[in-house]
Structure formats: structure tokens, C-alpha cells
Amino acid sequence: MSRFSKTALIAGAIALCASPAFAHPGHEFGHTALQGFLHPLGGIDHVIAMIAVGFLAFCLGGRTIWTVPLAFVLMMAVGAVLGATGLGLPGVEQGIAASVLVLGMLIVVATRLSLIFATVLVGAFAVFHGTAHGLEGATTGIVPTSYFLGFLLATVMLHCAGIALGAAFAAIENRNLVRRAAGTAVGLTGLMMIVG
């Protein structure tokens, strides 16, 4: 079996394990810090995207390890405010699914990305994730501070998990093959979210 076939087989198997997204408008979680913390964990799309951001940041190395996750967190906060005030982006679910697809593709080609490109693109996708959080956590156009801090903390922790995963994969002998397989699995999951 060729290396490409093995990569495709692994990626396909991982992608088939994906479950439907739950972290979208209409799935109310409430307004406490705990509910805010649990909200990003309630949808596989958010979980995969946020772990992928940390994984991608590690793969890019250097300053990107903190600039890419920081851009995501900051722009997600902007998106949450937009969502809470009703000024959020149209097509939030499609934007979130697209972020999973594109993040997977970026992981596959991570060694060829610039810091600025990765940071800007990840920040743009974060607005969609933030809008979803803002729409669900808003009360009279305001995201409660405790809820807001809860989902920011969960996001940071998921980014850290992605960085740790990247560090673990870096110790593997065929790390580039594993990175490409992981990116392909993430991308296929995003594609399934878009078409499914």
C-alpha cells in the first residue's frame, strides 16, 4: 500500500467518526461561566476547529505558536459582540464548517504558509465561531461577562490541546505523513459538514 493510500485511509476513518454540529443558534446553553465554557465543547465543529488552530500554530512554529491562537481568540470575541448585537455575519454555520475544511487544508501545507496569511485567515474564521457564541449567549444585545469569559477560556484550552497534540506528533518518526493525515481528516470532516 502506498504512502498516499495509507494517508487517505487514515484520514477517511477519522472523518467518519465526526458527529453533527451542536454549537449553533437554536441550541441554548444559558449565560453562566460554566455554560459559556461548555458551549464550544458542545459542537464537534468548534472543537475540531479550535484544536486545529493550535495544531496548525505548532506546525508553523516560531511566533506563530502564540500569534495564530491569539488572533483566533481576539477575533472570536469581536464575532461574539457582533452576534450578541444582531450584527453577526450571515451564513454562520457554513462559515464554521468552511473553517474546519480550510484549517485541515492549511495543516496539510503548513510548512509553506506565512505568518501573516495564517494569522489573518484564522482570525477571519474566528469571527464566525464568535458570532455563533454571541447569538446563543446574548441577552438583550449583551453577552454576559461570565458566559463570555467561559467560552474564551474553553477556546484557549482547546488551542493548548492542539499545540500539545502537535508537539506529540513532532516526536513521531513519520511526522510529516501524520501531519498531512491529520490535516486531511480535519478537512474531510469540514467537507462532510458542508455537504451534510
# chains A, B, ... in the order shown; residues from 1 in each chain; ligands from 1

call {"tool": "residues_around", "arguments": {"residues": "Val92 (chain A)", "least_positions_apart": "5", "cutoff": "8 Å", "atoms": "only C-alpha atoms", "output": "ChimeraX atom specification"}}
result
/A:128-129,131-132

call {"tool": "write_last_selection", "arguments": {"atoms": "C-alpha atoms", "output": "short mmCIF file (atom, residue, chain, number, x, y, z; two decimals), in the first residue's frame"}}
result
data_model
loop_
_atom_site.label_atom_id
_atom_site.label_comp_id
_atom_site.auth_asym_id
_atom_site.auth_seq_id
_atom_site.Cartn_x
_atom_site.Cartn_y
_atom_site.Cartn_z
CA PHE A 128 -17.92 33.05 12.54
CA HIS A 129 -17.27 30.99 15.67
CA THR A 131 -20.88 35.05 16.17
CA ALA A 132 -22.34 31.63 16.99
#

call {"tool": "residues_around", "arguments": {"residues": "Val178 (chain A)", "least_positions_apart": "4", "cutoff": "9 Å", "atoms": "only C-alpha atoms", "output": "JSON, numbers by chain"}}
result
{"A": [7, 169, 172, 174, 182, 183]}

call {"tool": "atom_distance", "arguments": {"atom1": "CA of Met75 (chain A)", "atom2": "CA of Arg180 (chain A)"}}
result
26.8 Å

call {"tool": "closest_residue", "arguments": {"among": "A:Asn176, A:Thr145, A:Ser99, A:Thr67", "to": "Ala49 (chain A)", "atoms": "only C-alpha atoms"}}
result
A:Ser99

call {"tool": "closest_atom_pairs", "arguments": {"of": "region 109-136 of chain A", "to": "region 56-64 of chain A", "cutoff": "10 Å", "atoms": "only C-alpha atoms", "output": "tab-separated table"}}
result
residue	atom	partner	partner_atom	distance
A:Val109	CA	A:Cys59	CA	9.7
A:Ala110	CA	A:Leu60	CA	6.0
A:Thr111	CA	A:Leu60	CA	6.3
A:Arg112	CA	A:Leu60	CA	8.5
A:Leu113	CA	A:Leu60	CA	7.4
A:Ser114	CA	A:Leu60	CA	8.3
A:Leu115	CA	A:Thr64	CA	6.1
A:Ile116	CA	A:Thr64	CA	9.0
A:Ala118	CA	A:Thr64	CA	8.3
A:Thr119	CA	A:Thr64	CA	7.8
A:Val122	CA	A:Leu56	CA	9.9

call {"tool": "select_by_dssp", "arguments": {"residues": "chain A", "states": "alpha helix (DSSP H)", "output": "JSON, numbers by chain"}}
result
{"A": [3, 4, 5, 6, 7, 8, 9, 10, 11, 12, 13, 14, 15, 16, 33, 34, 35, 36, 37, 38, 44, 45, 46, 47, 48, 49, 50, 51, 52, 53, 54, 55, 56, 57, 58, 59, 60, 64, 65, 66, 67, 68, 69, 70, 71, 72, 73, 74, 75, 76, 77, 78, 79, 80, 81, 82, 83, 84, 92, 93, 94, 95, 96, 97, 98, 99, 100, 101, 102, 103, 104, 105, 106, 107, 108, 115, 116, 117, 118, 119, 120, 121, 122, 123, 124, 125, 126, 127, 128, 129, 130, 131, 132, 133, 134, 135, 136, 137, 145, 146, 147, 148, 149, 150, 151, 152, 153, 154, 155, 156, 157, 158, 159, 160, 161, 162, 163, 164, 165, 166, 167, 168, 169, 170, 175, 176, 177, 178, 179, 180, 181, 182, 183, 184, 185, 186, 187, 188, 189, 190, 191, 192, 193, 194, 195]}

call {"tool": "atom_distance", "arguments": {"atom1": "CA of Phe37 (chain A)", "atom2": "CA of Ala52 (chain A)"}}
result
18.4 Å
